[in-house]
$ cat input.cif   # mmCIF, C-alpha atoms
data_work
loop_
_atom_site.group_PDB
_atom_site.id
_atom_site.type_symbol
_atom_site.label_atom_id
_atom_site.label_comp_id
_atom_site.auth_asym_id
_atom_site.auth_seq_id
_atom_site.Cartn_x
_atom_site.Cartn_y
_atom_site.Cartn_z
ATOM 1 C CA MET A 1210 -14.409 18.904 -2.310
ATOM 2 C CA ARG A 1211 -10.671 18.586 -1.592
ATOM 3 C CA LEU A 1212 -11.115 14.882 -0.863
ATOM 4 C CA LEU A 1213 -13.024 14.430 -4.123
ATOM 5 C CA LEU A 1214 -10.318 16.185 -6.124
ATOM 6 C CA ALA A 1215 -7.594 14.098 -4.469
ATOM 7 C CA LEU A 1216 -9.354 10.850 -5.316
ATOM 8 C CA LEU A 1217 -9.937 11.852 -8.914
ATOM 9 C CA ALA A 1218 -6.299 12.883 -9.260
ATOM 10 C CA ALA A 1219 -5.129 9.378 -8.304
ATOM 11 C CA PRO A 1220 -7.583 6.955 -9.952
ATOM 12 C CA ALA A 1221 -5.639 3.762 -9.283
ATOM 13 C CA ALA A 1222 -4.081 4.304 -5.846
ATOM 14 C CA ALA A 1223 -5.427 5.913 -2.704
ATOM 15 C CA GLN A 1224 -3.141 8.569 -1.306
ATOM 16 C CA LEU A 1225 -0.479 7.444 1.192
ATOM 17 C CA VAL A 1226 -0.395 11.093 2.274
ATOM 18 C CA PRO A 1227 -3.994 12.292 2.573
ATOM 19 C CA VAL A 1228 -5.004 15.832 1.728
ATOM 20 C CA PRO A 1229 -5.081 18.401 4.580
ATOM 21 C CA GLY A 1230 -7.857 17.645 7.007
ATOM 22 C CA ALA A 1231 -8.143 13.962 6.027
ATOM 23 C CA SER A 1232 -6.882 10.644 7.394
ATOM 24 C CA LEU A 1233 -6.109 7.245 5.886
ATOM 25 C CA PHE A 1234 -6.751 3.689 7.080
ATOM 26 C CA HIS A 1235 -4.835 1.063 5.081
ATOM 27 C CA ALA A 1236 -4.782 -2.688 5.755
ATOM 28 C CA ASP A 1237 -3.010 -5.256 3.577
ATOM 29 C CA VAL A 1238 -2.856 -9.016 4.258
ATOM 30 C CA GLY A 1239 -0.773 -11.491 2.251
ATOM 31 C CA GLN A 1240 0.813 -14.893 2.726
ATOM 32 C CA ASP A 1241 4.098 -13.729 4.301
ATOM 33 C CA HIS A 1242 3.455 -10.090 5.235
ATOM 34 C CA GLY A 1243 0.605 -8.009 6.546
ATOM 35 C CA PHE A 1244 0.147 -4.545 7.974
ATOM 36 C CA VAL A 1245 -2.374 -2.044 9.272
ATOM 37 C CA GLU A 1246 -1.642 1.657 8.993
ATOM 38 C CA VAL A 1247 -3.524 4.706 10.248
ATOM 39 C CA VAL A 1248 -2.138 8.140 9.377
ATOM 40 C CA THR A 1249 -3.496 11.665 9.360
ATOM 41 C CA SER A 1250 -2.413 14.783 7.532
ATOM 42 C CA ALA A 1251 0.054 16.846 9.559
ATOM 43 C CA ALA A 1252 1.090 19.374 6.893
ATOM 44 C CA PRO A 1253 0.801 19.608 3.103
ATOM 45 C CA GLY A 1254 2.617 16.556 1.736
ATOM 46 C CA THR A 1255 3.190 14.989 5.178
ATOM 47 C CA ALA A 1256 1.197 12.521 7.286
ATOM 48 C CA VAL A 1257 1.913 10.961 10.681
ATOM 49 C CA GLY A 1258 0.466 7.926 12.422
ATOM 50 C CA VAL A 1259 1.053 4.313 13.423
ATOM 51 C CA ILE A 1260 1.762 1.161 11.417
ATOM 52 C CA ALA A 1261 1.667 -2.436 12.716
ATOM 53 C CA GLN A 1262 3.417 -5.034 10.546
ATOM 54 C CA GLU A 1263 3.855 -8.791 10.727
ATOM 55 C CA PHE A 1264 6.107 -11.149 8.778
ATOM 56 C CA SER A 1265 5.443 -14.884 8.825
ATOM 57 C CA HIS A 1266 6.463 -18.223 7.327
ATOM 58 C CA GLY A 1267 2.920 -18.591 6.011
ATOM 59 C CA PRO A 1268 -0.656 -17.912 7.060
ATOM 60 C CA GLY A 1269 -0.994 -18.147 10.827
ATOM 61 C CA GLN A 1270 2.762 -18.518 11.469
ATOM 62 C CA PRO A 1271 4.030 -15.045 12.488
ATOM 63 C CA ASP A 1272 7.636 -14.767 13.679
ATOM 64 C CA LEU A 1273 8.365 -11.021 13.401
ATOM 65 C CA GLY A 1274 6.099 -8.127 14.273
ATOM 66 C CA GLY A 1275 6.551 -4.444 14.764
ATOM 67 C CA VAL A 1276 4.587 -1.365 15.800
ATOM 68 C CA THR A 1277 6.133 1.946 14.807
ATOM 69 C CA VAL A 1278 5.172 5.601 14.842
ATOM 70 C CA VAL A 1279 5.628 6.721 11.241
ATOM 71 C CA ALA A 1280 5.863 9.792 9.074
ATOM 72 C CA ASN A 1281 4.855 9.535 5.415
ATOM 73 C CA ARG A 1282 6.053 12.114 2.908
ATOM 74 C CA LEU A 1283 5.067 12.895 -0.662
ATOM 75 C CA ALA A 1284 8.630 13.369 -1.891
ATOM 76 C CA TRP A 1285 7.904 13.979 -5.580
ATOM 77 C CA ARG A 1286 4.964 14.403 -7.913
ATOM 78 C CA ARG A 1287 4.649 14.988 -11.654
ATOM 79 C CA ASN A 1288 1.269 15.897 -13.109
ATOM 80 C CA THR A 1289 0.434 16.052 -16.800
ATOM 81 C CA ALA A 1290 -2.865 16.400 -18.605
ATOM 82 C CA GLU A 1291 -3.041 12.605 -19.024
ATOM 83 C CA SER A 1292 -1.113 11.077 -16.113
ATOM 84 C CA GLN A 1293 0.312 11.451 -12.640
ATOM 85 C CA ALA A 1294 3.483 10.056 -11.054
ATOM 86 C CA ASN A 1295 4.247 10.039 -7.312
ATOM 87 C CA LEU A 1296 7.023 9.023 -4.949
ATOM 88 C CA TYR A 1297 6.038 8.467 -1.324
ATOM 89 C CA LEU A 1298 8.551 7.762 1.466
ATOM 90 C CA SER A 1299 7.863 6.443 4.973
ATOM 91 C CA ALA A 1300 10.018 6.086 8.095
ATOM 92 C CA GLY A 1301 9.218 5.168 11.672
ATOM 93 C CA LEU A 1302 10.526 4.128 15.087
ATOM 94 C CA GLY A 1303 9.039 1.711 17.574
ATOM 95 C CA ALA A 1304 9.239 -1.813 18.960
ATOM 96 C CA LEU A 1305 9.925 -5.097 17.199
ATOM 97 C CA ASP A 1306 8.794 -8.465 18.546
ATOM 98 C CA LEU A 1307 10.951 -11.405 17.406
ATOM 99 C CA GLU A 1308 9.634 -14.900 18.023
ATOM 100 C CA SER A 1309 13.115 -16.222 18.839
ATOM 101 C CA ALA A 1310 14.666 -13.209 20.595
ATOM 102 C CA GLY A 1311 11.978 -11.168 22.315
ATOM 103 C CA ARG A 1312 11.382 -7.434 22.002
ATOM 104 C CA GLU A 1313 13.812 -4.748 20.862
ATOM 105 C CA LEU A 1314 13.882 -1.195 19.542
ATOM 106 C CA GLY A 1315 13.445 -1.075 15.789
ATOM 107 C CA ALA A 1316 12.584 0.975 12.758
ATOM 108 C CA SER A 1317 10.282 0.757 9.775
ATOM 109 C CA ALA A 1318 10.765 2.115 6.280
ATOM 110 C CA GLY A 1319 8.711 2.117 3.135
ATOM 111 C CA PHE A 1320 8.204 3.680 -0.257
ATOM 112 C CA GLN A 1321 5.796 3.755 -3.177
ATOM 113 C CA LEU A 1322 6.683 4.898 -6.685
ATOM 114 C CA ASP A 1323 3.627 4.934 -8.920
ATOM 115 C CA TRP A 1324 2.406 6.135 -12.301
ATOM 116 C CA GLU A 1325 -1.183 6.168 -13.454
ATOM 117 C CA THR A 1326 -3.643 7.374 -16.022
ATOM 118 C CA ARG A 1327 -7.405 6.942 -16.005
ATOM 119 C CA ARG A 1328 -6.927 3.476 -17.516
ATOM 120 C CA LEU A 1329 -3.397 2.265 -16.614
ATOM 121 C CA HIS A 1330 -1.474 1.877 -13.356
ATOM 122 C CA ALA A 1331 2.034 0.765 -12.392
ATOM 123 C CA ALA A 1332 3.710 0.855 -8.989
ATOM 124 C CA LEU A 1333 6.791 -0.337 -7.120
ATOM 125 C CA ILE A 1334 6.112 -0.677 -3.384
ATOM 126 C CA GLY A 1335 8.330 -1.644 -0.454
ATOM 127 C CA HIS A 1336 7.909 -2.130 3.315
ATOM 128 C CA GLY A 1337 10.535 -3.186 5.843
ATOM 129 C CA LEU A 1338 11.341 -3.703 9.523
ATOM 130 C CA PHE A 1339 14.870 -3.249 10.860
ATOM 131 C CA GLY A 1340 16.523 -3.988 14.212
ATOM 132 C CA ASP A 1341 19.885 -4.960 15.718
ATOM 133 C CA ARG A 1342 19.383 -8.615 14.818
ATOM 134 C CA ILE A 1343 16.849 -8.551 12.023
ATOM 135 C CA ALA A 1344 16.037 -6.950 8.690
ATOM 136 C CA GLN A 1345 13.066 -8.110 6.661
ATOM 137 C CA GLY A 1346 10.982 -6.512 3.963
ATOM 138 C CA GLU A 1347 8.509 -7.010 1.165
ATOM 139 C CA LEU A 1348 8.864 -5.698 -2.375
ATOM 140 C CA MET A 1349 5.824 -5.562 -4.673
ATOM 141 C CA VAL A 1350 5.181 -4.628 -8.290
ATOM 142 C CA HIS A 1351 1.670 -3.685 -9.377
ATOM 143 C CA LEU A 1352 0.498 -3.578 -12.997
ATOM 144 C CA GLY A 1353 -3.130 -2.769 -13.636
ATOM 145 C CA PHE A 1354 -5.715 -1.507 -16.052
ATOM 146 C CA ALA A 1355 -9.311 -0.302 -15.892
ATOM 147 C CA PRO A 1356 -11.752 -1.985 -18.298
ATOM 148 C CA TRP A 1357 -13.596 1.327 -18.478
ATOM 149 C CA VAL A 1358 -13.464 4.768 -16.886
ATOM 150 C CA ALA A 1359 -15.982 5.250 -14.073
ATOM 151 C CA SER A 1360 -17.108 8.476 -12.440
ATOM 152 C CA TYR A 1361 -16.705 9.294 -8.749
ATOM 153 C CA GLU A 1362 -20.326 8.267 -8.095
ATOM 154 C CA GLN A 1363 -19.791 4.831 -9.677
ATOM 155 C CA VAL A 1364 -17.849 1.729 -8.615
ATOM 156 C CA ALA A 1365 -14.583 1.768 -10.579
ATOM 157 C CA PRO A 1366 -13.164 -1.700 -11.343
ATOM 158 C CA TRP A 1367 -9.494 -2.393 -11.972
ATOM 159 C CA ILE A 1368 -7.707 -5.608 -12.907
ATOM 160 C CA LEU A 1369 -4.354 -5.777 -11.128
ATOM 161 C CA LEU A 1370 -1.422 -8.175 -11.327
ATOM 162 C CA GLU A 1371 0.721 -8.192 -8.188
ATOM 163 C CA VAL A 1372 4.227 -9.705 -8.071
ATOM 164 C CA SER A 1373 5.755 -9.777 -4.574
ATOM 165 C CA ARG A 1374 8.735 -11.187 -2.757
ATOM 166 C CA THR A 1375 9.670 -11.247 0.915
ATOM 167 C CA LEU A 1376 13.278 -10.196 1.529
ATOM 168 C CA GLY A 1377 15.492 -11.340 4.399
ATOM 169 C CA ARG A 1378 14.268 -14.942 4.497
ATOM 170 C CA GLU A 1379 13.792 -17.900 2.208
ATOM 171 C CA ALA A 1380 10.642 -17.174 0.250
ATOM 172 C CA ASP A 1381 9.278 -17.705 -3.224
ATOM 173 C CA THR A 1382 8.188 -14.926 -5.533
ATOM 174 C CA GLU A 1383 4.407 -14.712 -5.448
ATOM 175 C CA VAL A 1384 2.144 -13.755 -8.324
ATOM 176 C CA ALA A 1385 -1.454 -12.824 -7.575
ATOM 177 C CA PRO A 1386 -4.164 -11.543 -9.917
ATOM 178 C CA MET A 1387 -6.332 -9.034 -8.078
ATOM 179 C CA LEU A 1388 -9.716 -7.435 -8.569
ATOM 180 C CA VAL A 1389 -9.755 -3.829 -7.347
ATOM 181 C CA LEU A 1390 -12.999 -1.975 -6.649
ATOM 182 C CA MET A 1391 -12.944 1.740 -5.920
ATOM 183 C CA TYR A 1392 -15.926 3.719 -4.720
ATOM 184 C CA GLN A 1393 -15.556 7.308 -3.565
ATOM 185 C CA ALA A 1394 -13.258 7.163 -0.499
ATOM 186 C CA TYR A 1395 -12.930 3.348 -0.474
ATOM 187 C CA ARG A 1396 -10.627 0.935 -2.286
ATOM 188 C CA LEU A 1397 -10.914 -2.869 -1.905
ATOM 189 C CA GLU A 1398 -8.451 -5.384 -3.382
ATOM 190 C CA VAL A 1399 -9.108 -9.136 -3.399
ATOM 191 C CA GLY A 1400 -7.231 -11.937 -5.089
ATOM 192 C CA VAL A 1401 -5.385 -15.227 -4.701
ATOM 193 C CA ASN A 1402 -1.738 -16.138 -5.246
ATOM 194 C CA GLY A 1403 -0.340 -19.140 -7.129
ATOM 195 C CA GLU A 1404 -0.472 -21.304 -3.991
ATOM 196 C CA GLY A 1405 -4.150 -20.632 -3.496
ATOM 197 C CA ASN A 1406 -3.679 -18.283 -0.532
ATOM 198 C CA PRO A 1407 -5.950 -15.225 -0.401
ATOM 199 C CA ARG A 1408 -4.731 -11.647 -0.819
ATOM 200 C CA ALA A 1409 -6.743 -8.691 0.408
ATOM 201 C CA ALA A 1410 -6.259 -4.975 1.023
ATOM 202 C CA LEU A 1411 -8.485 -2.109 2.043
ATOM 203 C CA ARG A 1412 -7.912 1.642 1.969
ATOM 204 C CA TRP A 1413 -10.269 4.231 3.387
ATOM 205 C CA LEU A 1414 -9.836 7.993 3.231
ATOM 206 C CA PHE A 1415 -11.841 9.767 5.915
#
$ encode --input "input.cif" --output "structure tokens"
Amino acid sequence: MRLLLALLAAPAAAQLVPVPGASLFHADVGQDHGFVEVVTSAAPGTAVGVIAQEFSHGPGQPDLGGVTVVANRLAWRRNTAESQANLYLSAGLGALDLESAGRELGASAGFQLDWETRRLHAALIGHGLFGDRIAQGELMVHLGFAPWVASYEQVAPWILLEVSRTLGREADTEVAPMLVLMYQAYRLEVGVNGEGNPRAALRWLF
């Protein structure tokens, strides 16, 4: 029941900090950045786990990777009868693997600021890796709407526009229309950017 209530409270975005007793698997793959994250609830508003990230010059050309132990925190939330707003923060420590310089100690950081109703969604999302000789990140803006309101037992479709840019290297701003399908504890995002490269993400609360 707690998982059901959490999903209904955030119709457009799966929780980055799962409810007590739950865990989250989150994978996101784009042209220049991808990551896989697994976290579990450690206390109300806090989750801990591991995130693996990879930055590249394009599909199949990775040059920076990192695996960090992370803590995610729900730093702020505002509920109203019609909407919800959240600010999530993430920080971690681990190892970075640089194509040109080998392995070194590094850190990860991230955030998500979102606002949503049953029909509208907006979010500003950031992920980054930081070391002695490197600092790279990705910044994304999401704008979405639901053609109709679906119940928990139904597949809920969303149309999402994603604008993203990789920071710390020469990269173009990418724009990708996305189709989002939510069903109970699952959220799948699929789309393609302006260069024809696929975009995909999956979230699973369990």
$ residues_around --input "input.cif" --residues "region 1273-1275 of chain A" --least-positions-apart "2" --cutoff "12 Å" --atoms "all atoms listed in the file" --output "ChimeraX atom specification"
/A:1241-1246,1259-1267,1270-1271,1277-1279,1301-1318,1336-1340,1342-1346,1377-1378
$ resolve_selection --input "input.cif" --expression "the PyMOL selection byres ((chain A and resi 1289-1299) around 12)" --output "ChimeraX atom specification"
/A:1215,1217-1227,1246,1248,1254-1260,1277-1288,1300-1302,1316-1338
$ closest_residue --input "input.cif" --among "A:Leu1414, A:Leu1388, A:Ala1380, A:Val1276" --to "Ser1232 (chain A)" --atoms "only C-alpha atoms"
A:Leu1414
$ residues_around --input "input.cif" --residues "Met1391 (chain A)" --least-positions-apart "5" --cutoff "8 Å" --atoms "only C-alpha atoms" --output "PyMOL selection string"
chain A and resi 1364-1366+1396-1397
$ write_last_selection --input "input.cif" --atoms "C-alpha atoms" --output "PDB file, in the coordinates of the input"
ATOM      1  CA  VAL A1364     -17.849   1.729  -8.615  1.00  0.00           C
ATOM      2  CA  ALA A1365     -14.583   1.768 -10.579  1.00  0.00           C
ATOM      3  CA  PRO A1366     -13.164  -1.700 -11.343  1.00  0.00           C
ATOM      4  CA  ARG A1396     -10.627   0.935  -2.286  1.00  0.00           C
ATOM      5  CA  LEU A1397     -10.914  -2.869  -1.905  1.00  0.00           C
TER       6      LEU A1397
END
$ atom_distance --input "input.cif" --atom1 "CA of Pro1386 (chain A)" --atom2 "CA of Val1238 (chain A)"
14.5 Å
$ atom_distance --input "input.cif" --atom1 "CA of Ala1251 (chain A)" --atom2 "CA of Pro1229 (chain A)"
7.3 Å
$ resolve_selection --input "input.cif" --expression "the PyMOL selection byres ((chain A and resi 1349) around 7)" --output "list of chain:residue names"
A:Leu1333, A:Ile1334, A:Gly1335, A:Glu1347, A:Leu1348, A:Val1350, A:His1351, A:Glu1371, A:Val1372, A:Ser1373, A:Arg1374
$ atom_distance --input "input.cif" --atom1 "CA of His1235 (chain A)" --atom2 "CA of Val1247 (chain A)"
6.5 Å
$ resolve_selection --input "input.cif" --expression "the PyMOL selection byres ((chain A and resi 1362) around 12)" --output "number ranges by chain"
A: 1213, 1216-1217, 1358-1361, 1363-1365, 1391-1395
$ write_last_selection --input "input.cif" --atoms "C-alpha atoms" --output "mmCIF file, keeping the file's coordinate frame"
data_model
loop_
_atom_site.group_PDB
_atom_site.id
_atom_site.type_symbol
_atom_site.label_atom_id
_atom_site.label_comp_id
_atom_site.auth_asym_id
_atom_site.auth_seq_id
_atom_site.Cartn_x
_atom_site.Cartn_y
_atom_site.Cartn_z
ATOM 1 C CA LEU A 1213 -13.024 14.430 -4.123
ATOM 2 C CA LEU A 1216 -9.354 10.850 -5.316
ATOM 3 C CA LEU A 1217 -9.937 11.852 -8.914
ATOM 4 C CA VAL A 1358 -13.464 4.768 -16.886
ATOM 5 C CA ALA A 1359 -15.982 5.250 -14.073
ATOM 6 C CA SER A 1360 -17.108 8.476 -12.440
ATOM 7 C CA TYR A 1361 -16.705 9.294 -8.749
ATOM 8 C CA GLN A 1363 -19.791 4.831 -9.677
ATOM 9 C CA VAL A 1364 -17.849 1.729 -8.615
ATOM 10 C CA ALA A 1365 -14.583 1.768 -10.579
ATOM 11 C CA MET A 1391 -12.944 1.740 -5.920
ATOM 12 C CA TYR A 1392 -15.926 3.719 -4.720
ATOM 13 C CA GLN A 1393 -15.556 7.308 -3.565
ATOM 14 C CA ALA A 1394 -13.258 7.163 -0.499
ATOM 15 C CA TYR A 1395 -12.930 3.348 -0.474
#
$ closest_residue --input "input.cif" --among "A:Gly1239, A:Asp1341, A:Leu1233, A:Val1401" --to "Thr1375 (chain A)" --atoms "all atoms listed in the file"
A:Gly1239
$ residues_near_point --input "input.cif" --point "(0.9, -21.9, 1.3)" --cutoff "10 Å" --atoms "all atoms listed in the file" --output "list in words"
Gln1240, Asp1241, His1266, Gly1267, Pro1268, Asn1402, Gly1403, Glu1404, Gly1405, Asn1406 and Pro1407 of chain A
$ axis_aligned_box --input "input.cif" --around "region 1286-1303 of chain A" --padding-each-side "8 Å" --output "lines of an AutoDock Vina configuration file"
center_x = 3.7
center_y = 9.1
center_z = -0.7
size_x = 29.6
size_y = 30.7
size_z = 52.6
$ closest_residue --input "input.cif" --among "A:Asp1237, A:Ala1355, A:Gly1230, A:Pro1253" --to "Arg1408 (chain A)" --atoms "only C-alpha atoms"
A:Asp1237
$ closest_residue --input "input.cif" --among "A:Trp1413, A:Asp1272, A:Glu1398, A:Ala1385" --to "Phe1234 (chain A)" --atoms "all atoms listed in the file"
A:Trp1413
